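Peer 1: One structure is given below, represented as structure tokens, and several questions about it will come after.
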Amino acid sequence: MSTGIYRVEIITRPERLEALKEALRVIRVTGMTVSQVYGCGLSTGLKETYRGQQVEVSLLPKIKVEIIVYEVAVDDVIDAAIGACRTGQIGDGKIFVTEVADAVRIRTGERGAAAIMDRPSERELVEQRIAGHNL
């Protein structure tokens, strides 16, 4: 893909979240938003028995991880996500990539790539805070 700012949305199984976060950390993805979502695709749901009644669950729990990338290649993010989330079973999820027209860092007003790039000085500050709080 060409250079630019991209949003990568990964929708996958909740139990794959930790493996996905680790795979993204390895390729130096430093920020993400994670949401609990429900959905269906080919796996339109399943039938369960609840208090003796057959109930069809049509929406399955998933997680959606949203990442905005500029410094890390989109193809690397896709490869890492596939490696972490693929089980070979229906319901592994989907990855969507869209181009981002602009980004704005609210605190400073920076726009474009500068708004999403990590500054080494800020990364050091965050690491010191984490070390100080034993997180």
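Following the order of the structure tokens, chains are lettered A, B, ..., residues in each are numbered from 1, and ligands are numbered from 1.
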Residues of range 62-123 of chain A in helix (DSSP H, G or I) according to DSSP, as a PyMOL selection string?

Peer 2: chain A and resi 74-85+113-116+120-123

Peer 1: Just give me the gap between CA of Lys94 in chain A and CA of Arg28 in chain A in Å, one decimal is fine.

Peer 2: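 Distance between the two atoms: 21.5 Å.
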
Peer 1: Considering only C-alpha atoms, state which residue in the set A:Glu66, A:Glu110, A:Glu56, A:Asp118 is at the smallest distance from Leu20 in chain A.

Peer 2: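 Under the stated criterion, the closest residue is A:Glu66.
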
Peer 1: When you look at Val74 in chain A with a cut-off of 9 Å (counting only C-alpha atoms), what residues show up, excluding the ones that are within fewer than 3 positions of it in the same chain? I need them as a ChimeraX atom specification.

Peer 2: /A:1,6-8,69-70,77-79,97

Peer 1: From the options A:Gln53, A:Gln36, A:Thr30, A:Thr87, which residue's atoms come nearest to Pro14 in chain A, counting only C-alpha atoms?

Peer 2: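 Once distances to Pro14 in chain A are computed over only C-alpha atoms, the minimum belongs to A:Gln36.
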
Peer 1: Give me the residues within 9 Å of Gly4 in chain A as a JSON list (two decimals) with all heavy atoms, in the first residue's frame, counting only C-alpha atoms and dropping any in the same chain fewer than 6 places off.

Peer 2:
[["chain", "number", "residue", "atom", "x", "y", "z"],
["A", 69, "VAL", "N", -2.58, 3.81, 11.64],
["A", 69, "VAL", "CA", -1.15, 3.59, 11.40],
["A", 69, "VAL", "C", -0.62, 4.58, 10.38],
["A", 69, "VAL", "O", -1.31, 4.98, 9.45],
["A", 69, "VAL", "CB", -0.85, 2.15, 10.93],
["A", 69, "VAL", "CG1", -1.15, 1.16, 12.02],
["A", 69, "VAL", "CG2", -1.59, 1.79, 9.68],
["A", 70, "TYR", "N", 0.63, 4.95, 10.61],
["A", 70, "TYR", "CA", 1.38, 5.77, 9.66],
["A", 70, "TYR", "C", 2.81, 5.26, 9.59],
["A", 70, "TYR", "O", 3.32, 4.99, 8.53],
["A", 70, "TYR", "CB", 1.36, 7.24, 10.09],
["A", 70, "TYR", "CG", 2.24, 8.11, 9.21],
["A", 70, "TYR", "CD1", 1.84, 8.44, 7.93],
["A", 70, "TYR", "CD2", 3.47, 8.57, 9.66],
["A", 70, "TYR", "CE1", 2.64, 9.21, 7.10],
["A", 70, "TYR", "CE2", 4.28, 9.34, 8.84],
["A", 70, "TYR", "CZ", 3.87, 9.66, 7.56],
["A", 70, "TYR", "OH", 4.66, 10.41, 6.74],
["A", 71, "GLU", "N", 3.42, 5.11, 10.75],
["A", 71, "GLU", "CA", 4.82, 4.69, 10.81],
["A", 71, "GLU", "C", 4.99, 3.20, 10.57],
["A", 71, "GLU", "O", 6.03, 2.76, 10.12],
["A", 71, "GLU", "CB", 5.42, 5.06, 12.16],
["A", 71, "GLU", "CG", 5.49, 6.55, 12.38],
["A", 71, "GLU", "CD", 5.93, 6.88, 13.79],
["A", 71, "GLU", "OE1", 5.20, 6.51, 14.72],
["A", 71, "GLU", "OE2", 6.98, 7.51, 13.94],
["A", 99, "GLU", "N", -8.50, 4.43, 4.21],
["A", 99, "GLU", "CA", -7.60, 5.57, 4.24],
["A", 99, "GLU", "C", -8.21, 6.66, 5.09],
["A", 99, "GLU", "O", -9.41, 6.92, 5.04],
["A", 99, "GLU", "CB", -7.34, 6.08, 2.83],
["A", 99, "GLU", "CG", -6.14, 6.98, 2.77],
["A", 99, "GLU", "CD", -5.61, 7.16, 1.35],
["A", 99, "GLU", "OE1", -6.15, 6.54, 0.43],
["A", 99, "GLU", "OE2", -4.66, 7.93, 1.20],
["A", 100, "VAL", "N", -7.38, 7.31, 5.91],
["A", 100, "VAL", "CA", -7.83, 8.40, 6.78],
["A", 100, "VAL", "C", -7.45, 9.72, 6.12],
["A", 100, "VAL", "O", -6.29, 9.95, 5.78],
["A", 100, "VAL", "CB", -7.16, 8.28, 8.18],
["A", 100, "VAL", "CG1", -7.51, 9.47, 9.05],
["A", 100, "VAL", "CG2", -7.58, 6.97, 8.85],
["A", 101, "ALA", "N", -8.43, 10.59, 5.95],
["A", 101, "ALA", "CA", -8.20, 11.88, 5.29],
["A", 101, "ALA", "C", -7.38, 12.82, 6.17],
["A", 101, "ALA", "O", -6.54, 13.56, 5.68],
["A", 101, "ALA", "CB", -9.53, 12.53, 4.93],
["A", 113, "ALA", "N", 0.02, 13.31, 9.86],
["A", 113, "ALA", "CA", 0.90, 12.29, 10.44],
["A", 113, "ALA", "C", 1.46, 12.73, 11.80],
["A", 113, "ALA", "O", 1.62, 11.91, 12.71],
["A", 113, "ALA", "CB", 2.03, 11.96, 9.48]]

Peer 1: May I have all residues of range 20-65 of chain A that DSSP, computed from the backbone, assigns to strand (DSSP E or B), given as a PyMOL selection string?

Peer 2: chain A and resi 33-39+46-50+53-57+60-65

Peer 1: At a cut-off of 10 Å, using only C-alpha atoms, what residues contact Ala19 in chain A? Leave out same-chain residues fewer than 2 positions from it and give the result as an NGL selection string.

Peer 2: :A and (15-17 or 21-25 or 80-81 or 83-85)

Peer 1: So which one's closest to Ala103 in chain A, A:Val29, A:Ile90, A:Val37, A:Ile68? Using only C-alpha atoms, please.

Peer 2: A:Ile68

Peer 1: Please compute the CA of Ile11 in chain A-CA of Leu42 in chain A distance, one decimal, in Å.

Peer 2: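 Atom-to-atom, CA of Ile11 in chain A and CA of Leu42 in chain A are spaced 13.8 Å apart.
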
Peer 1: Of the residues A:Asp92, A:Val34, A:Ile27, A:Gly39, which is the one nearest to Thr12 in chain A, using only C-alpha atoms?

Peer 2: A:Asp92

Peer 1: Any idea what's packed within 12 Å of Cys40 in chain A, counting only C-alpha atoms, ignoring anything in its chain fewer than 4 positions away? Could you give it as a VMD selection string?

Peer 2: chain A and resid 11 to 13 44 to 46 57 to 62 90 to 94
